[in-house]
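Below is input_35.pdb, which holds PDB, C-alpha atoms.
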```pdb
ATOM      1  CA  MET O 179     -40.155 -37.473  22.535
ATOM      2  CA  ARG O 180     -41.342 -37.607  18.941
ATOM      3  CA  GLY O 181     -42.185 -41.326  19.177
ATOM      4  CA  TRP O 182     -43.931 -40.815  22.520
ATOM      5  CA  TRP O 183     -46.016 -37.954  21.101
ATOM      6  CA  ARG O 184     -47.051 -40.091  18.117
ATOM      7  CA  GLU O 185     -48.152 -42.852  20.471
ATOM      8  CA  ILE O 186     -50.240 -40.443  22.552
ATOM      9  CA  THR O 187     -51.867 -38.836  19.519
ATOM     10  CA  GLY O 188     -52.477 -42.293  18.095
ATOM     11  CA  LEU O 189     -54.465 -43.182  21.189
ATOM     12  CA  VAL O 190     -56.482 -39.984  21.106
ATOM     13  CA  LEU O 191     -56.864 -39.813  17.308
ATOM     14  CA  PRO O 192     -56.260 -43.352  15.980
ATOM     15  CA  ALA O 193     -54.721 -43.320  12.504
ATOM     16  CA  VAL O 194     -56.552 -45.017   9.696
ATOM     17  CA  CYS O 195     -55.484 -45.399   6.094
ATOM     18  CA  GLY O 196     -56.813 -42.517   4.019
ATOM     19  CA  GLY O 197     -57.516 -44.895   1.159
ATOM     20  CA  CYS O 198     -59.112 -48.012   2.627
ATOM     21  CA  GLY O 199     -59.621 -47.241   6.316
ATOM     22  CA  SER O 200     -57.195 -49.881   7.610
ATOM     23  CA  PRO O 201     -56.299 -49.087  11.242
ATOM     24  CA  ARG O 202     -53.019 -47.877  12.704
ATOM     25  CA  VAL O 203     -51.537 -46.496   9.487
ATOM     26  CA  GLU O 204     -52.139 -43.231   7.649
ATOM     27  CA  LEU O 205     -51.526 -44.811   4.254
ATOM     28  CA  CYS O 206     -51.140 -48.545   3.724
ATOM     29  CA  ALA O 207     -48.792 -50.045   1.156
ATOM     30  CA  ARG O 208     -51.627 -51.244  -1.061
ATOM     31  CA  CYS O 209     -53.216 -47.793  -1.307
ATOM     32  CA  ALA O 210     -49.830 -46.124  -1.769
ATOM     33  CA  ALA O 211     -49.282 -48.421  -4.759
ATOM     34  CA  ASP O 212     -52.418 -46.971  -6.368
ATOM     35  CA  LEU O 213     -50.547 -43.639  -6.608
ATOM     36  CA  ALA O 214     -47.506 -45.186  -8.243
ATOM     37  CA  GLY O 215     -48.743 -44.731 -11.805
ATOM     38  CA  PRO O 216     -47.265 -44.905 -14.302
ATOM     39  CA  PRO O 217     -48.452 -41.406 -15.204
ATOM     40  CA  CYS O 218     -49.974 -40.918 -18.619
ATOM     41  CA  ARG O 219     -51.684 -38.253 -20.660
ATOM     42  CA  VAL O 220     -55.410 -37.947 -20.023
ATOM     43  CA  ARG O 221     -58.112 -36.282 -22.115
ATOM     44  CA  PRO O 222     -61.641 -35.453 -20.985
ATOM     45  CA  ALA O 223     -64.309 -35.893 -23.637
ATOM     46  CA  PRO O 224     -65.320 -33.460 -24.908
ATOM     47  CA  GLU O 225     -62.012 -31.664 -24.446
ATOM     48  CA  PRO O 226     -62.494 -27.964 -23.650
ATOM     49  CA  ARG O 227     -60.861 -25.452 -25.916
ATOM     50  CA  GLY O 228     -57.478 -24.256 -24.695
ATOM     51  CA  LEU O 229     -56.802 -27.199 -22.385
ATOM     52  CA  PRO O 230     -53.052 -27.896 -22.261
ATOM     53  CA  ALA O 231     -51.661 -31.429 -22.278
ATOM     54  CA  VAL O 232     -52.516 -33.015 -18.913
ATOM     55  CA  HIS O 233     -50.855 -35.973 -17.185
ATOM     56  CA  ALA O 234     -52.217 -37.974 -14.239
ATOM     57  CA  VAL O 235     -51.110 -41.019 -12.263
ATOM     58  CA  ALA O 236     -54.427 -42.672 -11.424
ATOM     59  CA  PRO O 237     -58.155 -42.774 -12.118
ATOM     60  CA  TYR O 238     -60.313 -40.905  -9.617
ATOM     61  CA  GLU O 239     -61.994 -43.895  -8.017
ATOM     62  CA  ASN O 240     -61.867 -46.212  -5.020
ATOM     63  CA  ALA O 241     -58.831 -45.640  -2.753
ATOM     64  CA  VAL O 242     -57.459 -42.715  -4.766
ATOM     65  CA  ARG O 243     -60.762 -40.884  -4.510
ATOM     66  CA  ALA O 244     -60.863 -41.580  -0.768
ATOM     67  CA  MET O 245     -57.320 -40.260  -0.285
ATOM     68  CA  LEU O 246     -57.978 -37.016  -2.127
ATOM     69  CA  LEU O 247     -61.182 -36.402  -0.184
ATOM     70  CA  ALA O 248     -59.516 -37.246   3.134
ATOM     71  CA  HIS O 249     -56.728 -34.762   2.429
ATOM     72  CA  LYS O 250     -58.976 -32.034   1.058
ATOM     73  CA  GLU O 251     -62.092 -32.231   3.185
ATOM     74  CA  ARG O 252     -61.088 -34.039   6.382
ATOM     75  CA  GLY O 253     -57.673 -32.522   6.997
ATOM     76  CA  ALA O 254     -55.596 -35.700   6.665
ATOM     77  CA  LEU O 255     -52.503 -33.577   6.114
ATOM     78  CA  GLY O 256     -50.113 -36.495   6.460
ATOM     79  CA  LEU O 257     -51.294 -37.679   3.040
ATOM     80  CA  ALA O 258     -49.730 -34.602   1.421
ATOM     81  CA  GLN O 259     -46.348 -36.332   1.090
ATOM     82  CA  ALA O 260     -47.712 -39.271  -0.914
ATOM     83  CA  LEU O 261     -50.054 -37.079  -2.953
ATOM     84  CA  GLY O 262     -47.307 -34.548  -3.648
ATOM     85  CA  GLY O 263     -45.001 -37.330  -4.782
ATOM     86  CA  ALA O 264     -47.672 -38.548  -7.193
ATOM     87  CA  LEU O 265     -48.151 -35.015  -8.494
ATOM     88  CA  ALA O 266     -44.393 -34.700  -9.052
ATOM     89  CA  ALA O 267     -44.494 -37.869 -11.176
ATOM     90  CA  SER O 268     -47.266 -36.376 -13.321
ATOM     91  CA  VAL O 269     -45.317 -33.138 -13.713
ATOM     92  CA  ARG O 270     -42.201 -35.020 -14.762
ATOM     93  CA  ALA O 271     -44.095 -37.162 -17.285
ATOM     94  CA  GLY O 272     -45.412 -34.096 -19.078
ATOM     95  CA  GLN O 273     -42.055 -32.433 -19.636
ATOM     96  CA  GLY O 274     -40.403 -34.727 -22.176
ATOM     97  CA  ARG O 275     -36.827 -33.672 -22.856
ATOM     98  CA  MET O 276     -36.329 -30.668 -20.631
ATOM     99  CA  ASP O 277     -33.684 -27.990 -20.645
ATOM    100  CA  ALA O 278     -32.060 -28.662 -17.279
ATOM    101  CA  GLY O 279     -31.357 -24.973 -16.774
ATOM    102  CA  VAL O 280     -34.989 -23.856 -17.043
ATOM    103  CA  PRO O 281     -36.928 -24.171 -13.769
ATOM    104  CA  LEU O 282     -40.442 -25.544 -13.612
ATOM    105  CA  LEU O 283     -43.049 -23.155 -12.239
ATOM    106  CA  LEU O 284     -45.849 -25.109 -10.595
ATOM    107  CA  VAL O 285     -48.944 -22.904 -10.717
ATOM    108  CA  PRO O 286     -51.687 -24.294  -8.446
ATOM    109  CA  ALA O 287     -55.339 -23.951  -9.351
ATOM    110  CA  PRO O 288     -56.751 -21.478  -6.814
ATOM    111  CA  SER O 289     -59.380 -22.341  -4.224
ATOM    112  CA  ALA O 290     -62.165 -19.995  -3.210
ATOM    113  CA  ARG O 291     -61.322 -18.096  -0.022
ATOM    114  CA  ARG O 292     -64.328 -19.466   1.822
ATOM    115  CA  ALA O 293     -63.343 -23.033   0.875
ATOM    116  CA  THR O 294     -59.774 -22.532   2.109
ATOM    117  CA  SER O 295     -61.048 -20.926   5.288
ATOM    118  CA  GLY O 296     -63.517 -23.745   5.913
ATOM    119  CA  ARG O 297     -60.913 -26.460   5.376
ATOM    120  CA  GLY O 298     -58.182 -24.673   7.263
ATOM    121  CA  HIS O 299     -55.679 -25.227   4.436
ATOM    122  CA  ASP O 300     -55.270 -25.076   0.660
ATOM    123  CA  PRO O 301     -54.895 -28.724  -0.442
ATOM    124  CA  VAL O 302     -53.711 -28.045  -4.000
ATOM    125  CA  ARG O 303     -51.082 -25.556  -2.905
ATOM    126  CA  ARG O 304     -49.906 -27.916  -0.169
ATOM    127  CA  THR O 305     -49.398 -30.806  -2.596
ATOM    128  CA  ALA O 306     -47.736 -28.459  -5.098
ATOM    129  CA  VAL O 307     -45.177 -27.435  -2.454
ATOM    130  CA  VAL O 308     -44.410 -31.101  -1.748
ATOM    131  CA  ALA O 309     -44.180 -31.876  -5.478
ATOM    132  CA  ALA O 310     -41.723 -29.027  -6.049
ATOM    133  CA  ALA O 311     -39.545 -30.320  -3.203
ATOM    134  CA  VAL O 312     -39.614 -33.856  -4.639
ATOM    135  CA  LEU O 313     -38.593 -32.538  -8.062
ATOM    136  CA  ARG O 314     -35.732 -30.504  -6.595
ATOM    137  CA  ARG O 315     -34.419 -33.535  -4.716
ATOM    138  CA  SER O 316     -34.294 -35.436  -8.006
ATOM    139  CA  GLY O 317     -32.270 -32.642  -9.659
ATOM    140  CA  THR O 318     -35.093 -30.767 -11.417
ATOM    141  CA  PRO O 319     -35.270 -27.082 -10.464
ATOM    142  CA  ALA O 320     -38.862 -26.338  -9.479
ATOM    143  CA  ARG O 321     -40.788 -23.860  -7.385
ATOM    144  CA  VAL O 322     -44.398 -22.990  -6.672
ATOM    145  CA  ALA O 323     -45.829 -19.833  -8.212
ATOM    146  CA  ALA O 324     -49.245 -19.300  -6.604
ATOM    147  CA  VAL O 325     -50.183 -16.470  -8.950
ATOM    148  CA  LEU O 326     -53.755 -17.343  -9.933
ATOM    149  CA  ARG O 327     -56.766 -15.931  -8.105
ATOM    150  CA  GLN O 328     -60.520 -15.915  -8.500
ATOM    151  CA  ARG O 329     -61.630 -12.537  -9.783
ATOM    152  CA  ARG O 330     -65.305 -13.294  -9.201
ATOM    153  CA  GLY O 331     -67.434 -15.834  -7.403
ATOM    154  CA  VAL O 332     -68.373 -19.092  -9.099
ATOM    155  CA  ALA O 333     -71.122 -21.598  -8.385
ATOM    156  CA  ASP O 334     -70.376 -24.964  -6.810
ATOM    157  CA  GLN O 335     -69.140 -27.195  -9.632
ATOM    158  CA  ALA O 336     -70.657 -30.374  -8.185
ATOM    159  CA  GLY O 337     -73.415 -31.655 -10.404
ATOM    160  CA  LEU O 338     -72.549 -29.414 -13.356
ATOM    161  CA  GLY O 339     -71.806 -30.862 -16.774
ATOM    162  CA  GLY O 340     -68.867 -29.935 -18.954
ATOM    163  CA  ARG O 341     -70.568 -27.097 -20.834
ATOM    164  CA  GLU O 342     -72.119 -25.731 -17.637
ATOM    165  CA  ARG O 343     -68.727 -25.766 -15.923
ATOM    166  CA  GLN O 344     -67.144 -23.892 -18.792
ATOM    167  CA  MET O 345     -69.844 -21.205 -18.593
ATOM    168  CA  ASN O 346     -69.515 -21.055 -14.804
ATOM    169  CA  LEU O 347     -65.738 -20.566 -14.950
ATOM    170  CA  ALA O 348     -65.420 -18.401 -18.065
ATOM    171  CA  GLY O 349     -63.344 -15.342 -17.140
ATOM    172  CA  ALA O 350     -63.334 -16.304 -13.456
ATOM    173  CA  LEU O 351     -59.550 -16.362 -12.982
ATOM    174  CA  ASP O 352     -56.753 -13.891 -13.455
ATOM    175  CA  VAL O 353     -53.095 -13.526 -12.519
ATOM    176  CA  VAL O 354     -52.158 -11.349  -9.565
ATOM    177  CA  ASP O 355     -50.570  -7.997 -10.332
ATOM    178  CA  GLY O 356     -46.813  -8.068 -10.784
ATOM    179  CA  ALA O 357     -46.571 -11.779 -11.605
ATOM    180  CA  ARG O 358     -45.734 -11.439 -15.309
ATOM    181  CA  GLY O 359     -41.979 -11.370 -14.730
ATOM    182  CA  LEU O 360     -42.184 -14.429 -12.473
ATOM    183  CA  LEU O 361     -44.085 -16.431 -15.078
ATOM    184  CA  ARG O 362     -41.518 -15.571 -17.719
ATOM    185  CA  GLY O 363     -38.774 -17.082 -15.593
ATOM    186  CA  GLY O 364     -39.532 -20.754 -16.199
ATOM    187  CA  ARG O 365     -41.640 -23.457 -17.801
ATOM    188  CA  ILE O 366     -45.232 -23.196 -16.605
ATOM    189  CA  VAL O 367     -47.047 -26.276 -15.285
ATOM    190  CA  LEU O 368     -50.604 -25.817 -14.059
ATOM    191  CA  VAL O 369     -51.325 -28.224 -11.200
ATOM    192  CA  ASP O 370     -54.506 -29.455  -9.547
ATOM    193  CA  ASP O 371     -55.542 -32.488  -7.560
ATOM    194  CA  LEU O 372     -58.097 -33.740 -10.081
ATOM    195  CA  ILE O 373     -59.392 -33.284 -13.610
ATOM    196  CA  THR O 374     -62.931 -34.214 -14.608
ATOM    197  CA  THR O 375     -64.221 -32.031 -17.462
ATOM    198  CA  GLY O 376     -61.019 -29.982 -17.777
ATOM    199  CA  SER O 377     -62.870 -26.669 -17.430
ATOM    200  CA  SER O 378     -60.848 -25.455 -14.431
ATOM    201  CA  LEU O 379     -57.471 -26.098 -16.050
ATOM    202  CA  ALA O 380     -58.614 -24.622 -19.361
ATOM    203  CA  GLU O 381     -59.665 -21.426 -17.580
ATOM    204  CA  ALA O 382     -56.366 -21.337 -15.667
ATOM    205  CA  ALA O 383     -54.485 -21.690 -18.955
ATOM    206  CA  ARG O 384     -56.505 -18.863 -20.497
ATOM    207  CA  ALA O 385     -55.662 -16.553 -17.600
ATOM    208  CA  VAL O 386     -51.951 -17.340 -17.831
ATOM    209  CA  ARG O 387     -51.858 -16.931 -21.612
ATOM    210  CA  ALA O 388     -53.560 -13.554 -21.280
ATOM    211  CA  THR O 389     -50.749 -12.457 -18.973
ATOM    212  CA  VAL O 390     -47.781 -14.069 -20.711
ATOM    213  CA  PRO O 391     -48.616 -14.211 -24.417
ATOM    214  CA  GLY O 392     -46.254 -15.714 -26.931
ATOM    215  CA  GLU O 393     -43.800 -18.576 -26.778
ATOM    216  CA  GLY O 394     -43.748 -18.999 -22.999
ATOM    217  CA  ALA O 395     -47.499 -19.422 -22.798
ATOM    218  CA  GLU O 396     -47.547 -21.862 -25.727
ATOM    219  CA  GLY O 397     -45.411 -24.273 -23.706
ATOM    220  CA  ILE O 398     -47.863 -24.568 -20.818
ATOM    221  CA  ARG O 399     -48.438 -28.080 -19.490
ATOM    222  CA  ALA O 400     -50.724 -29.371 -16.753
ATOM    223  CA  ALA O 401     -50.422 -32.126 -14.170
ATOM    224  CA  VAL O 402     -52.866 -33.653 -11.711
ATOM    225  CA  ILE O 403     -52.898 -36.547  -9.307
ATOM    226  CA  ALA O 404     -56.074 -38.169 -10.610
ATOM    227  CA  ALA O 405     -58.441 -37.979 -13.558
ATOM    228  CA  SER O 406     -61.947 -39.238 -14.141
ATOM    229  CA  PRO O 407     -61.897 -42.859 -15.370
ATOM    230  CA  SER O 408     -63.429 -41.734 -18.672
ATOM    231  CA  ALA O 409     -60.447 -39.417 -19.275
ATOM    232  CA  PHE O 410     -58.137 -42.435 -18.988
ATOM    233  CA  GLU O 411     -60.370 -44.441 -21.315
ATOM    234  CA  SER O 412     -60.436 -41.617 -23.872
ATOM    235  CA  ASN O 413     -56.641 -41.632 -23.866
ATOM    236  CA  ARG O 414     -56.508 -45.368 -24.517
ATOM    237  CA  SER O 415     -59.023 -45.295 -27.380
TER     238      SER O 415
END
```
What does the file become when written as structure tokens?
Amino acid sequence: MRGWWREITGLVLPAVCGGCGSPRVELCARCAADLAGPPCRVRPAPEPRGLPAVHAVAPYENAVRAMLLAHKERGALGLAQALGGALAASVRAGQGRMDAGVPLLLVPAPSARRATSGRGHDPVRRTAVVAAAVLRRSGTPARVAAVLRQRRGVADQAGLGGRERQMNLAGALDVVDGARGLLRGGRIVLVDDLITTGSSLAEAARAVRATVPGEGAEGIRAAVIAASPSAFESNRS
């Protein structure tokens, strides 16, 4: 039945690769290889104050850009497995020598309610859930802690420069009531699909540090699937 249903849906909604558009496959081997890394630390320039160490697997260009947009904006939900696997690799790369008994808390960057409603899903949270499952299967205790929320509206970030994004996001996030105990129960990793200027992750880190001050907050890391090509170049220089 499952194979028959896939055939029928394939006729009605033909699958194409989310990266290159090749027919009859949701993600081709060549585009999947673009998510294979290896993950490395990335640094936007200028680097916003308070940005934790961030790891990514790929530059945000070509097939990787197409895959993220297909998942986020066009509802290609089947890509979540590959994207979540890539995110898990970034998370793992940022941990160094971990205490095996301390779970990782993957804290997704929040989406605006109207954006989530318009898309019909929360792409960052979806990939975070997949990443946590991938990490658990490899023996790393991990769970998603969706504790961040927007406390006020923000302007569309498209077209804004780094300084403008920082001003737009300053004080925009906070942690939901009652989440302090949860955040103290593991090693915090902020996760997002993409980093460009770093303003969103820096603001997320500020909100978490304001809630969990001290040693736990100092150990915050961040992981994304992709970063702007210039962030990769800055890391290499």
Next on the checklist: Since I can't run it myself right now, could you work out what the PyMOL selection byres ((chain O and resi 236-249) around 6) selects here and report it as a PyMOL selection string?
Outcome noted: chain O and resi 196-198+234-235+250-255+404-407
Checklist entry - Could you pull the residues within 8 Å of Ala271 in chain O, counting all atoms listed in the file, minus those fewer than 3 positions along the same chain, as a list of chain:residue names? => result O:Pro217, O:Cys218, O:His233, O:Ala267, O:Ser268, O:Gly274
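The spacing separating CA of Pro301 in chain O from CA of Gly263 in chain O amounts to 13.8 Å.
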Checklist entry - Within 6 Å of (-37.7, -22.6, -16.1), all atoms listed in the file: residues as a list in words? => result Val280, Pro281, Leu282, Gly363, Gly364 and Arg365 of chain O
Checklist entry - Do you have the CA of Ala306 in chain O-CA of Gly262 in chain O distance handy? => result 6.3 Å
Assuming the chain letters and numbering stay as they are in my file, what does the PyMOL selection byres ((chain O and resi 402) around 6) actually select? List them as an mmCIF file with C-alpha atoms, in the coordinates of the input.
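Result written to part.cif:
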```
data_model
loop_
_atom_site.group_PDB
_atom_site.id
_atom_site.type_symbol
_atom_site.label_atom_id
_atom_site.label_comp_id
_atom_site.auth_asym_id
_atom_site.auth_seq_id
_atom_site.Cartn_x
_atom_site.Cartn_y
_atom_site.Cartn_z
ATOM 1 C CA ALA O 234 -52.217 -37.974 -14.239
ATOM 2 C CA LEU O 265 -48.151 -35.015 -8.494
ATOM 3 C CA VAL O 369 -51.325 -28.224 -11.200
ATOM 4 C CA ASP O 370 -54.506 -29.455 -9.547
ATOM 5 C CA ASP O 371 -55.542 -32.488 -7.560
ATOM 6 C CA LEU O 372 -58.097 -33.740 -10.081
ATOM 7 C CA ALA O 401 -50.422 -32.126 -14.170
ATOM 8 C CA ILE O 403 -52.898 -36.547 -9.307
ATOM 9 C CA ALA O 404 -56.074 -38.169 -10.610
#
```
Next on the checklist: Please enumerate the residues selected by the PyMOL selection byres ((chain O and resi 354) around 9) when evaluated against the supplied file, formatted as an MDAnalysis selection string.
Outcome noted: chainID O and resid 324:327 352:353 355:358
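Reported to one decimal place, the separation of CA of Gly298 in chain O from CA of Val312 in chain O is 23.9 Å.
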Where is the centre and how long are the edges: axis-aligned box on range 309-320 of chain O, 6 Å on each side, Å to one decimal, as lines of an AutoDock Vina configuration file:
```
center_x = -38.2
center_y = -30.9
center_z = -7.3
size_x = 23.9
size_y = 21.1
size_z = 20.2
```
Contacts of Val308 in chain O at 10 Å or less, counting only C-alpha atoms, minus same-chain residues fewer than 6 places along, as a CSV table (one decimal) with C-alpha atoms, in the coordinates of the input?
```
chain,number,residue,atom,x,y,z
O,258,ALA,CA,-49.7,-34.6,1.4
O,259,GLN,CA,-46.3,-36.3,1.1
O,260,ALA,CA,-47.7,-39.3,-0.9
O,261,LEU,CA,-50.1,-37.1,-3.0
O,262,GLY,CA,-47.3,-34.5,-3.6
O,263,GLY,CA,-45.0,-37.3,-4.8
O,264,ALA,CA,-47.7,-38.5,-7.2
O,265,LEU,CA,-48.2,-35.0,-8.5
O,266,ALA,CA,-44.4,-34.7,-9.1
O,314,ARG,CA,-35.7,-30.5,-6.6
O,321,ARG,CA,-40.8,-23.9,-7.4
O,322,VAL,CA,-44.4,-23.0,-6.7
```
Could you write range 362-380 of chain O as a compact mmCIF listing (two decimals), keeping the file's coordinate frame, with N, CA, C and O atoms rebuilt where they are missing?
```
# COMPACT_ATOMS: atom_id res chain seq x y z
N ARG O 362 -42.45 -15.50 -16.60
CA ARG O 362 -41.52 -15.57 -17.72
C ARG O 362 -40.19 -16.20 -17.32
O ARG O 362 -39.32 -16.38 -18.16
N GLY O 363 -40.06 -16.56 -16.06
CA GLY O 363 -38.77 -17.08 -15.59
C GLY O 363 -38.67 -18.59 -15.58
O GLY O 363 -37.72 -19.14 -15.02
N GLY O 364 -39.61 -19.30 -16.21
CA GLY O 364 -39.53 -20.75 -16.20
C GLY O 364 -40.60 -21.38 -17.07
O GLY O 364 -41.36 -20.69 -17.75
N ARG O 365 -40.66 -22.69 -17.03
CA ARG O 365 -41.64 -23.46 -17.80
C ARG O 365 -42.88 -23.68 -16.94
O ARG O 365 -42.79 -24.27 -15.86
N ILE O 366 -44.01 -23.24 -17.42
CA ILE O 366 -45.23 -23.20 -16.60
C ILE O 366 -45.94 -24.55 -16.63
O ILE O 366 -46.22 -25.11 -17.70
N VAL O 367 -46.25 -25.06 -15.43
CA VAL O 367 -47.05 -26.28 -15.28
C VAL O 367 -48.22 -25.97 -14.35
O VAL O 367 -48.02 -25.69 -13.16
N LEU O 368 -49.41 -25.99 -14.88
CA LEU O 368 -50.60 -25.82 -14.06
C LEU O 368 -50.85 -27.11 -13.30
O LEU O 368 -50.79 -28.21 -13.88
N VAL O 369 -51.13 -27.01 -12.00
CA VAL O 369 -51.32 -28.22 -11.20
C VAL O 369 -52.64 -28.15 -10.44
O VAL O 369 -53.09 -27.09 -10.01
N ASP O 370 -53.26 -29.32 -10.30
CA ASP O 370 -54.51 -29.46 -9.55
C ASP O 370 -54.52 -30.87 -8.98
O ASP O 370 -53.68 -31.70 -9.34
N ASP O 371 -55.46 -31.13 -8.09
CA ASP O 371 -55.54 -32.49 -7.56
C ASP O 371 -56.27 -33.43 -8.51
O ASP O 371 -55.99 -34.63 -8.55
N LEU O 372 -57.17 -32.89 -9.34
CA LEU O 372 -58.10 -33.74 -10.08
C LEU O 372 -58.53 -33.04 -11.35
O LEU O 372 -58.67 -31.81 -11.38
N ILE O 373 -58.75 -33.81 -12.41
CA ILE O 373 -59.39 -33.28 -13.61
C ILE O 373 -60.60 -34.16 -13.93
O ILE O 373 -60.51 -35.38 -13.92
N THR O 374 -61.73 -33.50 -14.18
CA THR O 374 -62.93 -34.21 -14.61
C THR O 374 -63.29 -33.75 -16.02
O THR O 374 -63.00 -34.41 -16.99
N THR O 375 -63.88 -32.56 -16.14
CA THR O 375 -64.22 -32.03 -17.46
C THR O 375 -63.08 -31.23 -18.08
O THR O 375 -63.09 -30.98 -19.28
N GLY O 376 -62.12 -30.80 -17.27
CA GLY O 376 -61.02 -29.98 -17.78
C GLY O 376 -61.30 -28.49 -17.78
O GLY O 376 -60.43 -27.70 -18.15
N SER O 377 -62.49 -28.08 -17.36
CA SER O 377 -62.87 -26.67 -17.43
C SER O 377 -61.99 -25.79 -16.55
O SER O 377 -61.61 -24.68 -16.94
N SER O 378 -61.65 -26.27 -15.35
CA SER O 378 -60.85 -25.46 -14.43
C SER O 378 -59.45 -25.21 -14.98
O SER O 378 -58.93 -24.08 -14.96
N LEU O 379 -58.82 -26.25 -15.51
CA LEU O 379 -57.47 -26.10 -16.05
C LEU O 379 -57.48 -25.29 -17.34
O LEU O 379 -56.53 -24.53 -17.60
N ALA O 380 -58.52 -25.43 -18.14
CA ALA O 380 -58.61 -24.62 -19.36
C ALA O 380 -58.74 -23.14 -19.02
O ALA O 380 -58.12 -22.28 -19.67
```
